[in-house]
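With mmCIF, C-alpha atoms and all ligand atoms inside, this is input_35.cif:
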data_input
#
loop_
_atom_site.label_atom_id
_atom_site.label_comp_id
_atom_site.auth_asym_id
_atom_site.auth_seq_id
_atom_site.Cartn_x
_atom_site.Cartn_y
_atom_site.Cartn_z
CA MET A 1 -17.56 3.46 -12.78
CA GLY A 2 -20.97 1.88 -13.50
CA LEU A 3 -24.16 3.66 -12.48
CA PHE A 4 -25.23 0.79 -10.24
CA ARG A 5 -21.94 0.71 -8.40
CA SER A 6 -22.00 4.45 -7.93
CA TRP A 7 -25.61 4.34 -6.63
CA ARG A 8 -24.74 1.46 -4.31
CA ARG A 9 -21.74 3.33 -2.92
CA ARG A 10 -23.81 6.46 -2.25
CA ARG A 11 -26.36 4.33 -0.41
CA ILE A 12 -23.67 2.66 1.74
CA LEU A 13 -22.27 6.07 2.68
CA ALA A 14 -25.73 7.37 3.56
CA ARG A 15 -26.51 4.33 5.75
CA THR A 16 -23.21 3.69 7.53
CA ARG A 17 -22.59 5.20 10.95
CA LEU A 18 -18.98 5.47 12.01
CA GLY A 19 -18.48 6.60 15.59
CA PRO A 20 -16.33 9.74 15.88
CA ALA A 21 -14.50 8.34 18.93
CA LEU A 22 -13.42 5.22 17.01
CA TRP A 23 -12.37 7.34 14.02
CA GLN A 24 -10.30 9.68 16.22
CA ARG A 25 -8.65 6.76 18.01
CA VAL A 26 -7.63 5.10 14.76
CA ILE A 27 -6.38 8.32 13.18
CA ALA A 28 -4.34 9.15 16.30
CA GLY A 29 -2.41 5.89 15.73
CA LEU A 30 -1.47 6.91 12.17
CA PRO A 31 0.60 10.09 12.53
CA PHE A 32 1.57 10.22 8.82
CA LEU A 33 -2.02 11.31 8.06
CA ARG A 34 -1.42 14.65 9.75
CA GLY A 35 -0.54 16.36 6.48
CA LEU A 36 -3.97 15.68 4.97
CA SER A 37 -6.41 18.57 4.65
CA THR A 38 -9.88 18.42 6.22
CA GLU A 39 -11.37 17.69 2.80
CA GLU A 40 -8.88 14.86 2.12
CA MET A 41 -9.51 13.39 5.56
CA ALA A 42 -13.28 13.38 4.90
CA ARG A 43 -12.72 11.59 1.58
CA LEU A 44 -10.38 9.08 3.23
CA ARG A 45 -13.10 8.34 5.79
CA GLU A 46 -15.66 7.72 3.02
CA LEU A 47 -13.26 5.49 1.11
CA ALA A 48 -12.56 3.46 4.28
CA ILE A 49 -16.31 2.94 4.81
CA LEU A 50 -16.72 1.75 1.21
CA PHE A 51 -13.61 -0.43 1.46
CA LEU A 52 -15.08 -2.21 4.50
CA ALA A 53 -18.38 -2.69 2.68
CA GLU A 54 -16.75 -4.13 -0.44
CA LYS A 55 -13.95 -6.24 1.05
CA GLU A 56 -14.15 -9.12 3.51
CA MET A 57 -11.78 -9.13 6.45
CA HIS A 58 -11.14 -12.31 8.39
CA GLY A 59 -8.97 -13.02 11.40
CA ALA A 60 -6.67 -16.05 11.38
CA GLN A 61 -5.19 -18.00 14.30
CA GLY A 62 -7.80 -16.65 16.69
CA LEU A 63 -7.31 -12.96 15.96
CA GLU A 64 -10.50 -11.07 16.73
CA VAL A 65 -11.11 -8.55 13.96
CA THR A 66 -12.38 -5.68 16.11
CA ASP A 67 -13.80 -2.44 14.71
CA GLU A 68 -10.45 -0.84 15.42
CA VAL A 69 -8.49 -3.50 13.48
CA ARG A 70 -10.91 -3.21 10.56
CA LEU A 71 -10.90 0.56 10.41
CA SER A 72 -7.15 0.94 10.89
CA ILE A 73 -6.38 -1.47 8.05
CA ALA A 74 -9.05 0.12 5.82
CA VAL A 75 -7.73 3.66 6.38
CA GLN A 76 -4.13 2.64 5.65
CA ALA A 77 -5.19 0.65 2.58
CA CYS A 78 -7.22 3.60 1.25
CA LEU A 79 -4.51 6.25 1.61
CA PRO A 80 -2.70 5.20 -1.62
CA VAL A 81 -5.98 5.31 -3.59
CA LEU A 82 -7.27 8.56 -2.08
CA ASN A 83 -7.14 10.22 -5.51
CA LEU A 84 -7.35 7.06 -7.64
CA GLY A 85 -10.54 5.58 -6.22
CA LEU A 86 -11.35 2.15 -4.86
CA ASP A 87 -11.49 0.61 -8.33
CA GLY A 88 -7.71 0.33 -8.03
CA TYR A 89 -8.42 -2.64 -5.76
CA GLU A 90 -10.71 -4.40 -8.17
CA GLY A 91 -10.76 -8.14 -8.83
CA TRP A 92 -10.39 -9.60 -5.32
CA ILE A 93 -12.13 -9.20 -1.95
CA GLY A 94 -10.30 -10.88 0.91
CA VAL A 95 -8.09 -9.48 3.64
CA ILE A 96 -6.74 -12.03 6.12
CA VAL A 97 -5.27 -10.76 9.37
CA TYR A 98 -2.95 -12.82 11.56
CA PRO A 99 -2.09 -11.74 15.11
CA GLY A 100 1.62 -11.64 14.29
CA GLU A 101 4.08 -12.87 11.70
CA PHE A 102 2.78 -15.89 9.82
CA ARG A 103 4.82 -18.75 8.47
CA VAL A 104 4.82 -19.56 4.79
CA ARG A 105 6.28 -22.68 3.24
CA LYS A 106 6.90 -22.66 -0.46
CA GLU A 107 9.11 -24.29 -3.02
CA GLU A 108 11.30 -22.28 -5.35
CA MET A 109 13.56 -23.45 -8.16
CA ASP A 110 16.99 -21.85 -8.39
CA GLU A 111 18.92 -21.13 -11.60
CA HIS A 112 20.44 -24.67 -11.50
CA GLY A 113 16.98 -26.26 -11.49
CA VAL A 114 17.25 -27.28 -7.84
CA VAL A 115 14.03 -26.93 -5.86
CA HIS A 116 14.40 -25.41 -2.40
CA THR A 117 11.79 -25.50 0.32
CA ILE A 118 11.56 -22.11 1.94
CA ASP A 119 9.99 -21.66 5.35
CA GLU A 120 9.83 -18.04 6.40
CA GLY A 121 7.99 -15.66 8.69
CA LEU A 122 6.15 -12.89 6.88
CA SER A 123 4.51 -9.65 8.00
CA GLY A 124 2.42 -9.36 4.84
CA GLU A 125 1.72 -10.97 1.49
CA ALA A 126 -0.41 -10.07 -1.55
CA TRP A 127 -1.64 -12.71 -3.98
CA PRO A 128 -2.42 -11.89 -7.62
CA GLY A 129 -6.24 -12.04 -7.87
CA GLY A 130 -6.37 -13.29 -4.27
CA PRO A 131 -6.29 -11.94 -0.76
CA VAL A 132 -3.99 -9.57 1.06
CA VAL A 133 -2.53 -11.24 4.14
CA LEU A 134 -1.32 -9.06 7.01
CA SER A 135 0.16 -9.40 10.47
CA TRP A 136 -1.78 -7.12 12.82
CA GLN A 137 1.26 -6.77 15.06
CA ASP A 138 3.27 -5.44 12.12
CA ALA A 139 0.40 -3.26 10.90
CA GLY A 140 0.34 -1.77 14.40
CA MET A 141 4.08 -1.02 14.21
CA SER A 142 3.45 1.38 11.34
CA GLY A 143 5.91 4.21 11.73
CA THR A 144 8.10 6.54 9.74
CA GLY A 145 9.18 4.70 6.62
CA TYR A 146 7.57 1.40 7.64
CA ASN A 147 4.02 0.45 6.79
CA VAL A 148 3.15 -3.14 5.94
CA VAL A 149 -0.42 -2.25 4.88
CA ILE A 150 0.66 0.36 2.33
CA HIS A 151 3.39 -2.06 1.18
CA GLU A 152 0.98 -4.90 0.41
CA PHE A 153 -1.64 -2.65 -1.16
CA ALA A 154 1.03 -1.07 -3.38
CA HIS A 155 1.66 -4.65 -4.61
CA LYS A 156 -2.08 -4.90 -5.33
CA LEU A 157 -2.03 -1.70 -7.43
CA HIS A 158 1.01 -3.10 -9.20
CA MET A 159 -0.83 -6.33 -10.03
CA LEU A 160 -3.85 -4.43 -11.35
CA ARG A 161 -2.05 -3.72 -14.63
CA GLY A 162 -0.18 -6.96 -15.15
CA ASP A 163 2.18 -9.16 -13.21
CA ASP A 164 4.74 -7.92 -10.73
CA ASP A 165 7.86 -9.14 -12.51
CA GLY A 166 9.27 -5.64 -12.94
CA PHE A 167 8.15 -2.11 -12.18
CA PRO A 168 4.41 -1.36 -12.43
CA VAL A 169 2.86 -0.09 -15.63
CA PRO A 170 1.99 3.58 -14.96
CA PRO A 171 -1.65 4.68 -15.20
CA PRO A 172 -2.89 6.17 -18.48
CA GLY A 173 -1.83 9.77 -18.92
CA MET A 174 1.64 9.29 -17.42
CA ASP A 175 4.81 9.35 -19.52
CA ALA A 176 5.69 5.63 -19.34
CA ALA A 177 9.26 6.15 -20.62
CA ALA A 178 10.03 8.79 -17.98
CA TRP A 179 8.44 6.59 -15.29
CA HIS A 180 10.51 3.51 -16.16
CA ALA A 181 13.75 5.45 -16.68
CA THR A 182 13.38 7.19 -13.30
CA LEU A 183 12.56 3.96 -11.43
CA GLU A 184 15.43 2.09 -13.07
CA ARG A 185 17.93 4.86 -12.22
CA ALA A 186 16.72 5.12 -8.63
CA TYR A 187 16.71 1.31 -8.22
CA ALA A 188 20.28 1.00 -9.56
CA ARG A 189 21.44 3.79 -7.24
CA PHE A 190 19.72 2.23 -4.21
CA CYS A 191 21.09 -1.26 -4.93
CA ALA A 192 24.62 0.15 -5.34
CA GLN A 193 24.29 1.85 -1.96
CA VAL A 194 23.13 -1.37 -0.29
CA ASP A 195 25.85 -3.43 -2.04
CA SER A 196 28.53 -1.03 -0.82
CA GLY A 197 27.45 -1.72 2.75
CA GLU A 198 26.45 1.93 3.28
CA ALA A 199 23.58 2.37 5.78
CA THR A 200 20.30 3.43 4.16
CA ILE A 201 17.45 5.40 5.72
CA ILE A 202 15.03 3.59 3.42
CA ASP A 203 14.48 -0.13 4.15
CA GLU A 204 17.18 -2.24 2.46
CA TYR A 205 14.50 -4.71 1.44
CA ALA A 206 13.80 -2.32 -1.47
CA ALA A 207 16.95 -3.71 -3.15
CA GLU A 208 15.41 -7.21 -3.30
CA HIS A 209 13.44 -6.83 -6.56
CA PRO A 210 11.90 -4.03 -8.70
CA ALA A 211 8.44 -4.92 -7.32
CA GLU A 212 9.74 -4.63 -3.74
CA PHE A 213 11.45 -1.36 -4.64
CA PHE A 214 8.12 0.06 -5.76
CA ALA A 215 6.31 -1.23 -2.64
CA VAL A 216 8.95 0.01 -0.17
CA MET A 217 9.28 3.38 -1.94
CA SER A 218 5.47 3.67 -1.74
CA GLU A 219 5.68 3.14 2.04
CA THR A 220 8.33 5.86 2.21
CA PHE A 221 6.33 8.15 -0.09
CA PHE A 222 3.36 8.10 2.29
CA THR A 223 5.01 7.81 5.71
CA ASP A 224 8.39 9.55 5.29
CA SER A 225 7.65 11.77 2.32
CA ALA A 226 10.12 14.56 3.15
CA VAL A 227 13.05 12.10 3.15
CA LEU A 228 12.03 10.64 -0.22
CA ALA A 229 11.49 14.11 -1.72
CA ARG A 230 14.95 15.17 -0.48
CA ASP A 231 16.95 12.02 -1.36
CA TYR A 232 15.12 10.90 -4.50
CA PRO A 233 13.38 14.01 -5.87
CA GLU A 234 12.82 12.58 -9.37
CA LEU A 235 11.40 9.34 -8.01
CA TYR A 236 9.25 11.34 -5.60
CA ALA A 237 7.85 13.41 -8.50
CA GLN A 238 7.02 10.23 -10.47
CA LEU A 239 5.29 8.63 -7.47
CA ALA A 240 3.38 11.89 -6.93
CA GLN A 241 2.06 11.55 -10.49
CA PHE A 242 1.34 7.83 -10.03
CA TYR A 243 -0.64 8.36 -6.79
CA ARG A 244 -1.83 11.90 -7.69
CA GLN A 245 -0.71 13.06 -4.26
CA ASP A 246 2.07 15.29 -2.94
CA PRO A 247 2.39 14.30 0.75
CA ALA A 248 5.61 16.28 1.24
CA GLY A 249 3.96 19.38 -0.31
CA VAL A 250 7.01 20.13 -2.48
CA LEU A 251 5.63 20.13 -6.01
CA PRO A 252 4.61 23.47 -7.53
CA ALA A 253 1.39 22.16 -9.14
CA SER A 254 -0.02 21.06 -5.78
CA GLY A 255 0.00 24.61 -4.45
CA GLY A 256 1.71 23.31 -1.31
CA LYS A 257 0.10 22.12 1.88
ZN ZN B 1 6.66 -6.93 -0.86
#
Rewrite the coordinates I just gave you, this time as structure tokens.
Ligand SMILES: [Zn+2]
Amino acid sequence: MGLFRSWRRRRILARTRLGPALWQRVIAGLPFLRGLSTEEMARLRELAILFLAEKEMHGAQGLEVTDEVRLSIAVQACLPVLNLGLDGYEGWIGVIVYPGEFRVRKEEMDEHGVVHTIDEGLSGEAWPGGPVVLSWQDAGMSGTGYNVVIHEFAHKLHMLRGDDDGFPVPPPGMDAAAWHATLERAYARFCAQVDSGEATIIDEYAAEHPAEFFAVMSETFFTDSAVLARDYPELYAQLAQFYRQDPAGVLPASGGK
């Protein structure tokens, strides 16, 4: 990180006042943060302040972006980068928040060269080099195994090191072969389970595409970590290395939590 950026961030932290009542209210709505230590929670708070200073959040279709909306989205967006730093979200600045699902019309060509117009309702979308678009209603429905904010920001981390055609490129220092082999195995197993019609605890949408698998498994990693650690221990261990976090507290190196 450059000296100027680091100085600027220290100055923002020194000057920003964040009311404790607002902070407590937002945190109370995000029960999956309960496993964080006091030190991690303090760092998450600082990251959220910096996130709000460096990104621009706009409401669409009349949504008023209140302090609560801003802080809740910032906190959820910062959880995945708690130990990676905000530079993981480099190269874009906008977050657009709709009151509810938003409609997207796009054209897609199928394998026969036929162009189809698709009109669908979305709860979130992330554009390469562009904004993250979120439905506040869906962000507010964040629960065990479902978190649209973490989902879209996982896509952003994915796009940081290339396109999102396949699985993300792991950060430097990780064993890329082990990462890809583990994700491919877990993806094949999950898709087979969905194809067989068997009910899955983890959102079936993960079977859609490798990029969606990574985003959905990231949601599960942070909001239903014990289930992921139990059902997909190897994938859990890889994601723990990717995010440098152990939310389920199961890995020996973390010393537990
Ligand atoms: Zn997605």
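Using only C-alpha atoms, the nearest neighbour of A:Val26 within the list A:Gln61, A:Thr144, A:Thr66, A:Thr200 is A:Thr66.
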### Message
Using only C-alpha atoms and all ligand atoms, which residues of the polymer chains come no farther than 10 Å from ligand ZN 1 (chain B)? I'd like the answer as a list of chain:residue names.
### Response
A:Leu122, A:Ser123, A:Gly124, A:Glu125, A:Ala126, A:Val148, A:Ile150, A:His151, A:Glu152, A:Phe153, A:Ala154, A:His155, A:Tyr205, A:Ala206, A:Glu208, A:His209, A:Pro210, A:Ala211, A:Glu212, A:Phe213, A:Phe214, A:Ala215, A:Val216
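Atom pair atom CA of A:Ala21 / atom CA of A:Ser72 has a distance of 13.2 Å (rounded to one decimal).
Note that atom CA of A:Gly29 and atom CA of A:Val69 are 11.4 Å apart.
Residue nearest A:Asp231, chosen from A:Phe32, A:Phe102, A:Phe190, A:Trp23 and counting all atoms listed in the file: A:Phe190.
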### Query
Using all atoms listed in the file, which of the listed residues (A:Gly162, A:Arg103, A:Gly145, A:Gln241) sits closest to A:Val227?
A:Gly145
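As for atom CA of A:Arg17 and atom CA of A:Gly85, they are spaced 21.0 Å apart.
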#### Entry: Close residues, A:Tyr146 itself excluded, 9 Å, only C-alpha atoms, min 4 positions apart in chain, as a PyMOL selection string
chain A and resi 141-142+150-151+202-203+216+219-220+223-224
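Each of A:Gly94, A:Gly88, A:Pro168, A:Pro247 was checked against A:Glu184 using all atoms listed in the file; the smallest atom-to-atom distance is that of A:Pro168.
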